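Next up, coords_14.cif (mmCIF, N, CA and C atoms):
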data_work
loop_
_atom_site.label_atom_id
_atom_site.label_comp_id
_atom_site.auth_asym_id
_atom_site.auth_seq_id
_atom_site.Cartn_x
_atom_site.Cartn_y
_atom_site.Cartn_z
N VAL C 3 -17.50 -54.78 63.87
CA VAL C 3 -17.28 -53.36 63.99
C VAL C 3 -16.12 -52.98 63.07
N THR C 4 -16.33 -51.92 62.31
CA THR C 4 -15.29 -51.39 61.45
C THR C 4 -14.93 -49.99 61.92
N LEU C 5 -13.66 -49.75 62.15
CA LEU C 5 -13.20 -48.43 62.56
C LEU C 5 -12.58 -47.72 61.37
N ASN C 6 -12.93 -46.46 61.22
CA ASN C 6 -12.36 -45.64 60.16
C ASN C 6 -11.25 -44.79 60.76
N VAL C 7 -10.05 -44.88 60.22
CA VAL C 7 -8.92 -44.14 60.77
C VAL C 7 -8.87 -42.70 60.28
N HIS C 8 -9.74 -42.34 59.36
CA HIS C 8 -9.77 -40.97 58.84
C HIS C 8 -10.65 -40.10 59.71
N PRO C 9 -10.28 -38.83 59.92
CA PRO C 9 -11.12 -37.96 60.73
C PRO C 9 -12.45 -37.68 60.05
N VAL C 10 -13.45 -37.33 60.84
CA VAL C 10 -14.77 -36.99 60.30
C VAL C 10 -14.63 -35.68 59.52
N PRO C 11 -15.11 -35.65 58.28
CA PRO C 11 -14.95 -34.42 57.50
C PRO C 11 -15.86 -33.30 58.02
N ARG C 12 -15.33 -32.08 58.03
CA ARG C 12 -16.12 -30.90 58.38
C ARG C 12 -16.63 -30.31 57.08
N LEU C 13 -17.96 -30.34 56.87
CA LEU C 13 -18.57 -29.95 55.61
C LEU C 13 -19.80 -29.08 55.82
N THR C 14 -20.17 -28.36 54.78
CA THR C 14 -21.49 -27.73 54.74
C THR C 14 -22.47 -28.82 54.28
N THR C 15 -23.75 -28.57 54.42
CA THR C 15 -24.74 -29.54 53.95
C THR C 15 -24.62 -29.74 52.44
N ASP C 16 -24.39 -28.66 51.71
CA ASP C 16 -24.23 -28.78 50.25
C ASP C 16 -23.03 -29.65 49.88
N GLN C 17 -21.93 -29.49 50.60
CA GLN C 17 -20.75 -30.31 50.33
C GLN C 17 -21.04 -31.78 50.67
N ALA C 18 -21.79 -32.03 51.74
CA ALA C 18 -22.14 -33.40 52.10
C ALA C 18 -23.01 -34.03 51.01
N VAL C 19 -23.93 -33.25 50.43
CA VAL C 19 -24.76 -33.75 49.33
C VAL C 19 -23.88 -34.13 48.15
N GLU C 20 -22.91 -33.28 47.80
CA GLU C 20 -22.00 -33.57 46.70
C GLU C 20 -21.23 -34.87 46.94
N ARG C 21 -20.73 -35.04 48.16
CA ARG C 21 -19.97 -36.25 48.48
C ARG C 21 -20.85 -37.49 48.48
N LEU C 22 -22.08 -37.35 48.95
CA LEU C 22 -23.00 -38.48 48.94
C LEU C 22 -23.33 -38.88 47.50
N ASN C 23 -23.54 -37.91 46.65
CA ASN C 23 -23.85 -38.19 45.25
C ASN C 23 -22.68 -38.83 44.51
N ALA C 24 -21.47 -38.62 44.99
CA ALA C 24 -20.29 -39.18 44.34
C ALA C 24 -20.08 -40.66 44.69
N THR C 25 -20.93 -41.19 45.59
CA THR C 25 -20.78 -42.58 46.03
C THR C 25 -22.10 -43.32 45.86
N GLU C 26 -22.05 -44.60 46.10
CA GLU C 26 -23.26 -45.43 46.13
C GLU C 26 -23.75 -45.65 47.56
N LEU C 27 -23.12 -44.98 48.51
CA LEU C 27 -23.46 -45.17 49.92
C LEU C 27 -24.84 -44.60 50.24
N PRO C 28 -25.55 -45.19 51.21
CA PRO C 28 -26.89 -44.71 51.56
C PRO C 28 -26.87 -43.49 52.48
N HIS C 29 -25.74 -43.21 53.14
CA HIS C 29 -25.67 -42.10 54.08
C HIS C 29 -24.25 -41.55 54.17
N ARG C 30 -24.14 -40.36 54.77
CA ARG C 30 -22.84 -39.71 54.97
C ARG C 30 -22.87 -39.04 56.33
N PHE C 31 -21.93 -39.43 57.21
CA PHE C 31 -21.78 -38.78 58.51
C PHE C 31 -20.74 -37.68 58.35
N PHE C 32 -21.01 -36.49 58.89
CA PHE C 32 -20.07 -35.38 58.77
C PHE C 32 -20.24 -34.43 59.94
N GLN C 33 -19.24 -33.58 60.13
CA GLN C 33 -19.32 -32.53 61.14
C GLN C 33 -19.80 -31.27 60.43
N ASP C 34 -20.93 -30.74 60.87
CA ASP C 34 -21.51 -29.56 60.23
C ASP C 34 -20.58 -28.37 60.42
N GLU C 35 -20.26 -27.71 59.33
CA GLU C 35 -19.34 -26.57 59.35
C GLU C 35 -19.87 -25.45 60.24
N ALA C 36 -21.16 -25.20 60.21
CA ALA C 36 -21.74 -24.09 60.97
C ALA C 36 -21.82 -24.38 62.47
N THR C 37 -22.26 -25.58 62.83
CA THR C 37 -22.49 -25.89 64.25
C THR C 37 -21.34 -26.68 64.88
N ARG C 38 -20.51 -27.29 64.04
CA ARG C 38 -19.40 -28.16 64.49
C ARG C 38 -19.91 -29.37 65.26
N ARG C 39 -21.14 -29.77 65.00
CA ARG C 39 -21.72 -30.95 65.61
C ARG C 39 -21.94 -32.00 64.53
N GLY C 40 -22.03 -33.25 64.93
CA GLY C 40 -22.23 -34.33 63.99
C GLY C 40 -23.59 -34.28 63.34
N ALA C 41 -23.67 -34.74 62.09
CA ALA C 41 -24.93 -34.79 61.35
C ALA C 41 -24.86 -35.98 60.39
N VAL C 42 -26.02 -36.48 60.01
CA VAL C 42 -26.10 -37.58 59.05
C VAL C 42 -27.02 -37.17 57.91
N LEU C 43 -26.49 -37.21 56.71
CA LEU C 43 -27.27 -36.98 55.50
C LEU C 43 -27.55 -38.34 54.90
N TYR C 44 -28.80 -38.59 54.50
CA TYR C 44 -29.14 -39.91 53.95
C TYR C 44 -30.08 -39.78 52.77
N ARG C 45 -30.07 -40.82 51.94
CA ARG C 45 -30.98 -40.89 50.79
C ARG C 45 -32.31 -41.44 51.28
N ARG C 46 -33.39 -40.73 50.97
CA ARG C 46 -34.72 -41.20 51.35
C ARG C 46 -35.24 -42.16 50.30
N TYR C 47 -36.26 -42.92 50.67
CA TYR C 47 -36.86 -43.90 49.75
C TYR C 47 -37.43 -43.25 48.50
N ASP C 48 -37.82 -41.95 48.59
CA ASP C 48 -38.40 -41.26 47.44
C ASP C 48 -37.37 -40.57 46.56
N GLY C 49 -36.07 -40.77 46.88
CA GLY C 49 -35.01 -40.20 46.07
C GLY C 49 -34.51 -38.85 46.57
N ASP C 50 -35.20 -38.26 47.53
CA ASP C 50 -34.76 -37.00 48.10
C ASP C 50 -33.77 -37.27 49.23
N TYR C 51 -33.41 -36.26 50.00
CA TYR C 51 -32.45 -36.41 51.08
C TYR C 51 -33.11 -36.14 52.41
N GLY C 52 -32.56 -36.75 53.45
CA GLY C 52 -32.96 -36.46 54.82
C GLY C 52 -31.72 -36.03 55.57
N LEU C 53 -31.88 -35.22 56.61
CA LEU C 53 -30.76 -34.74 57.41
C LEU C 53 -31.10 -34.91 58.87
N ILE C 54 -30.25 -35.62 59.60
CA ILE C 54 -30.42 -35.84 61.03
C ILE C 54 -29.40 -34.97 61.75
N THR C 55 -29.88 -34.10 62.63
CA THR C 55 -29.01 -33.21 63.40
C THR C 55 -29.36 -33.31 64.88
N PRO C 56 -28.44 -32.93 65.76
CA PRO C 56 -28.72 -33.00 67.19
C PRO C 56 -29.81 -32.01 67.61
N TYR C 57 -30.57 -32.39 68.61
CA TYR C 57 -31.60 -31.53 69.18
C TYR C 57 -30.95 -30.55 70.14
N ILE C 58 -31.30 -29.28 70.01
CA ILE C 58 -30.84 -28.26 70.95
C ILE C 58 -32.10 -27.63 71.56
N PRO C 59 -32.34 -27.82 72.85
CA PRO C 59 -33.54 -27.28 73.47
C PRO C 59 -33.61 -25.76 73.29
N SER C 60 -34.82 -25.21 73.15
CA SER C 60 -34.97 -23.76 72.98
C SER C 60 -34.46 -23.06 74.24
N GLY C 61 -33.86 -21.91 74.02
CA GLY C 61 -33.30 -21.15 75.13
C GLY C 61 -31.88 -21.53 75.47
N ARG C 62 -31.35 -22.55 74.83
CA ARG C 62 -29.98 -22.98 75.09
C ARG C 62 -29.12 -22.64 73.88
N THR C 63 -27.84 -22.54 74.09
CA THR C 63 -26.92 -22.25 73.01
C THR C 63 -26.10 -23.48 72.72
N GLU C 64 -25.37 -23.44 71.61
CA GLU C 64 -24.51 -24.56 71.22
C GLU C 64 -23.48 -24.87 72.28
N GLU C 65 -22.97 -23.85 72.97
CA GLU C 65 -21.87 -24.03 73.91
C GLU C 65 -22.29 -24.70 75.21
N GLU C 66 -23.58 -24.68 75.53
CA GLU C 66 -24.04 -25.26 76.80
C GLU C 66 -24.08 -26.76 76.74
#

Before we go any further, please render this structure as structure tokens.
Amino acid sequence: VTLNVHPVPRLTTDQAVERLNATELPHRFFQDEATRRGAVLYRRYDGDYGLITPYIPSGRTEEE
């Protein structure tokens, strides 16, 4: 297990793409600026990007 002592960056999706492109890493974990929830941006096998975000059931709000 490796612990990172730096806080999770709060970014927009576009900023996360820029940071991912600046590295050779396969993914980037960040706090979404709009929702303030964790998200993972990753490189897909076809060269495009994928984005994993938390599920929010319909009828519920972020605060619940």

Arg38 in chain C proximity check over C:Val3, C:Asp50, C:Arg12, C:Leu22, using only N, CA and C atoms: winner is C:Arg12

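On the backbone of this structure, DSSP gives strand (DSSP E or B) within chain C to C:Arg12, C:Leu13, C:His29, C:Arg30, C:Phe31, C:Phe32, C:Gln33, C:Asp34, C:Gly40, C:Ala41, C:Val42, C:Leu43, C:Tyr44, C:Arg45, C:Tyr51, C:Gly52, C:Leu53, C:Ile54.
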
Generate a file of the selected residues that holds N, CA and C atoms, formatted as a compact mmCIF listing (two decimals), in the frame of the given file.
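The resulting file, out_33.txt, is reproduced below:
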# COMPACT_ATOMS: atom_id res chain seq x y z
N ARG C 12 -15.33 -32.08 58.03
CA ARG C 12 -16.12 -30.90 58.38
C ARG C 12 -16.63 -30.31 57.08
N LEU C 13 -17.96 -30.34 56.87
CA LEU C 13 -18.57 -29.95 55.61
C LEU C 13 -19.80 -29.08 55.82
N HIS C 29 -25.74 -43.21 53.14
CA HIS C 29 -25.67 -42.10 54.08
C HIS C 29 -24.25 -41.55 54.17
N ARG C 30 -24.14 -40.36 54.77
CA ARG C 30 -22.84 -39.71 54.97
C ARG C 30 -22.87 -39.04 56.33
N PHE C 31 -21.93 -39.43 57.21
CA PHE C 31 -21.78 -38.78 58.51
C PHE C 31 -20.74 -37.68 58.35
N PHE C 32 -21.01 -36.49 58.89
CA PHE C 32 -20.07 -35.38 58.77
C PHE C 32 -20.24 -34.43 59.94
N GLN C 33 -19.24 -33.58 60.13
CA GLN C 33 -19.32 -32.53 61.14
C GLN C 33 -19.80 -31.27 60.43
N ASP C 34 -20.93 -30.74 60.87
CA ASP C 34 -21.51 -29.56 60.23
C ASP C 34 -20.58 -28.37 60.42
N GLY C 40 -22.03 -33.25 64.93
CA GLY C 40 -22.23 -34.33 63.99
C GLY C 40 -23.59 -34.28 63.34
N ALA C 41 -23.67 -34.74 62.09
CA ALA C 41 -24.93 -34.79 61.35
C ALA C 41 -24.86 -35.98 60.39
N VAL C 42 -26.02 -36.48 60.01
CA VAL C 42 -26.10 -37.58 59.05
C VAL C 42 -27.02 -37.17 57.91
N LEU C 43 -26.49 -37.21 56.71
CA LEU C 43 -27.27 -36.98 55.50
C LEU C 43 -27.55 -38.34 54.90
N TYR C 44 -28.80 -38.59 54.50
CA TYR C 44 -29.14 -39.91 53.95
C TYR C 44 -30.08 -39.78 52.77
N ARG C 45 -30.07 -40.82 51.94
CA ARG C 45 -30.98 -40.89 50.79
C ARG C 45 -32.31 -41.44 51.28
N TYR C 51 -33.41 -36.26 50.00
CA TYR C 51 -32.45 -36.41 51.08
C TYR C 51 -33.11 -36.14 52.41
N GLY C 52 -32.56 -36.75 53.45
CA GLY C 52 -32.96 -36.46 54.82
C GLY C 52 -31.72 -36.03 55.57
N LEU C 53 -31.88 -35.22 56.61
CA LEU C 53 -30.76 -34.74 57.41
C LEU C 53 -31.10 -34.91 58.87
N ILE C 54 -30.25 -35.62 59.60
CA ILE C 54 -30.42 -35.84 61.03
C ILE C 54 -29.40 -34.97 61.75

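For range 30-32 of chain C, the non-local neighbours within 7 Å, defined as residues at least 4 positions apart in the same chain or in other chains and counting all atoms listed in the file, are Val10, Pro11, Arg12, Leu13, Ala18, Leu22, Arg39, Gly40, Ala41, Val42, Leu43, Tyr44 and Arg45 of chain C.
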
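Straight-line separation from atom C of Tyr47 in chain C to CA of Thr14 in chain C: 23.1 Å.
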
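Rounded to one decimal, atom N of Thr37 in chain C and atom N of Leu5 in chain C lie 25.7 Å from each other.
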
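Coordinates place atom N of Gln33 in chain C at a distance of 20.6 Å from atom C of Arg46 in chain C.
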
Using the partial input, fill out range 32-43 of chain C with all heavy atoms; write the result as an mmCIF file, keeping the file's coordinate frame.
data_model
loop_
_atom_site.group_PDB
_atom_site.id
_atom_site.type_symbol
_atom_site.label_atom_id
_atom_site.label_comp_id
_atom_site.auth_asym_id
_atom_site.auth_seq_id
_atom_site.Cartn_x
_atom_site.Cartn_y
_atom_site.Cartn_z
ATOM 1 N N PHE C 32 -21.010 -36.490 58.890
ATOM 2 C CA PHE C 32 -20.070 -35.380 58.770
ATOM 3 C C PHE C 32 -20.240 -34.430 59.940
ATOM 4 O O PHE C 32 -21.229 -34.477 60.664
ATOM 5 C CB PHE C 32 -20.268 -34.631 57.445
ATOM 6 C CG PHE C 32 -21.602 -33.933 57.312
ATOM 7 C CD1 PHE C 32 -21.705 -32.560 57.512
ATOM 8 C CD2 PHE C 32 -22.742 -34.636 56.979
ATOM 9 C CE1 PHE C 32 -22.924 -31.918 57.395
ATOM 10 C CE2 PHE C 32 -23.967 -33.993 56.846
ATOM 11 C CZ PHE C 32 -24.060 -32.631 57.057
ATOM 12 N N GLN C 33 -19.240 -33.580 60.130
ATOM 13 C CA GLN C 33 -19.320 -32.530 61.140
ATOM 14 C C GLN C 33 -19.800 -31.270 60.430
ATOM 15 O O GLN C 33 -19.167 -30.814 59.476
ATOM 16 C CB GLN C 33 -17.952 -32.291 61.784
ATOM 17 C CG GLN C 33 -17.984 -31.274 62.891
ATOM 18 C CD GLN C 33 -16.599 -31.043 63.477
ATOM 19 O OE1 GLN C 33 -15.597 -31.194 62.809
ATOM 20 N NE2 GLN C 33 -16.557 -30.658 64.729
ATOM 21 N N ASP C 34 -20.930 -30.740 60.870
ATOM 22 C CA ASP C 34 -21.510 -29.560 60.230
ATOM 23 C C ASP C 34 -20.580 -28.370 60.420
ATOM 24 O O ASP C 34 -20.159 -28.065 61.535
ATOM 25 C CB ASP C 34 -22.881 -29.261 60.834
ATOM 26 C CG ASP C 34 -23.602 -28.173 60.097
ATOM 27 O OD1 ASP C 34 -23.224 -26.989 60.266
ATOM 28 O OD2 ASP C 34 -24.549 -28.486 59.351
ATOM 29 N N GLU C 35 -20.260 -27.710 59.330
ATOM 30 C CA GLU C 35 -19.340 -26.570 59.350
ATOM 31 C C GLU C 35 -19.870 -25.450 60.240
ATOM 32 O O GLU C 35 -19.102 -24.809 60.959
ATOM 33 C CB GLU C 35 -19.124 -26.054 57.926
ATOM 34 C CG GLU C 35 -18.162 -24.905 57.806
ATOM 35 C CD GLU C 35 -16.720 -25.268 58.075
ATOM 36 O OE1 GLU C 35 -16.290 -26.360 57.681
ATOM 37 O OE2 GLU C 35 -16.008 -24.453 58.683
ATOM 38 N N ALA C 36 -21.160 -25.200 60.210
ATOM 39 C CA ALA C 36 -21.740 -24.090 60.970
ATOM 40 C C ALA C 36 -21.820 -24.380 62.470
ATOM 41 O O ALA C 36 -21.518 -23.514 63.287
ATOM 42 C CB ALA C 36 -23.117 -23.743 60.420
ATOM 43 N N THR C 37 -22.260 -25.580 62.830
ATOM 44 C CA THR C 37 -22.490 -25.890 64.250
ATOM 45 C C THR C 37 -21.340 -26.680 64.880
ATOM 46 O O THR C 37 -21.266 -26.761 66.101
ATOM 47 C CB THR C 37 -23.776 -26.718 64.417
ATOM 48 O OG1 THR C 37 -23.607 -27.986 63.771
ATOM 49 C CG2 THR C 37 -24.976 -25.986 63.846
ATOM 50 N N ARG C 38 -20.510 -27.290 64.040
ATOM 51 C CA ARG C 38 -19.400 -28.160 64.490
ATOM 52 C C ARG C 38 -19.910 -29.370 65.260
ATOM 53 O O ARG C 38 -19.191 -29.963 66.067
ATOM 54 C CB ARG C 38 -18.379 -27.377 65.305
ATOM 55 C CG ARG C 38 -17.734 -26.292 64.486
ATOM 56 C CD ARG C 38 -16.560 -25.727 65.130
ATOM 57 N NE ARG C 38 -15.962 -24.763 64.208
ATOM 58 C CZ ARG C 38 -14.772 -24.276 64.352
ATOM 59 N NH1 ARG C 38 -14.048 -24.630 65.373
ATOM 60 N NH2 ARG C 38 -14.298 -23.420 63.489
ATOM 61 N N ARG C 39 -21.140 -29.770 65.000
ATOM 62 C CA ARG C 39 -21.720 -30.950 65.610
ATOM 63 C C ARG C 39 -21.940 -32.000 64.530
ATOM 64 O O ARG C 39 -22.032 -31.698 63.348
ATOM 65 C CB ARG C 39 -23.040 -30.600 66.285
ATOM 66 C CG ARG C 39 -22.821 -29.598 67.433
ATOM 67 C CD ARG C 39 -24.092 -29.265 68.093
ATOM 68 N NE ARG C 39 -24.545 -30.436 68.836
ATOM 69 C CZ ARG C 39 -25.100 -30.386 70.025
ATOM 70 N NH1 ARG C 39 -25.278 -29.241 70.620
ATOM 71 N NH2 ARG C 39 -25.499 -31.484 70.620
ATOM 72 N N GLY C 40 -22.030 -33.250 64.930
ATOM 73 C CA GLY C 40 -22.230 -34.330 63.990
ATOM 74 C C GLY C 40 -23.590 -34.280 63.340
ATOM 75 O O GLY C 40 -24.566 -33.823 63.944
ATOM 76 N N ALA C 41 -23.670 -34.740 62.090
ATOM 77 C CA ALA C 41 -24.930 -34.790 61.350
ATOM 78 C C ALA C 41 -24.860 -35.980 60.390
ATOM 79 O O ALA C 41 -23.772 -36.410 60.002
ATOM 80 C CB ALA C 41 -25.171 -33.498 60.589
ATOM 81 N N VAL C 42 -26.020 -36.480 60.010
ATOM 82 C CA VAL C 42 -26.100 -37.580 59.050
ATOM 83 C C VAL C 42 -27.020 -37.170 57.910
ATOM 84 O O VAL C 42 -28.174 -36.799 58.135
ATOM 85 C CB VAL C 42 -26.640 -38.878 59.690
ATOM 86 C CG1 VAL C 42 -26.764 -39.985 58.642
ATOM 87 C CG2 VAL C 42 -25.761 -39.323 60.847
ATOM 88 N N LEU C 43 -26.490 -37.210 56.710
ATOM 89 C CA LEU C 43 -27.270 -36.980 55.500
ATOM 90 C C LEU C 43 -27.550 -38.340 54.900
ATOM 91 O O LEU C 43 -26.656 -39.168 54.802
ATOM 92 C CB LEU C 43 -26.473 -36.116 54.517
ATOM 93 C CG LEU C 43 -27.150 -35.813 53.188
ATOM 94 C CD1 LEU C 43 -28.265 -34.802 53.397
ATOM 95 C CD2 LEU C 43 -26.139 -35.294 52.188
#
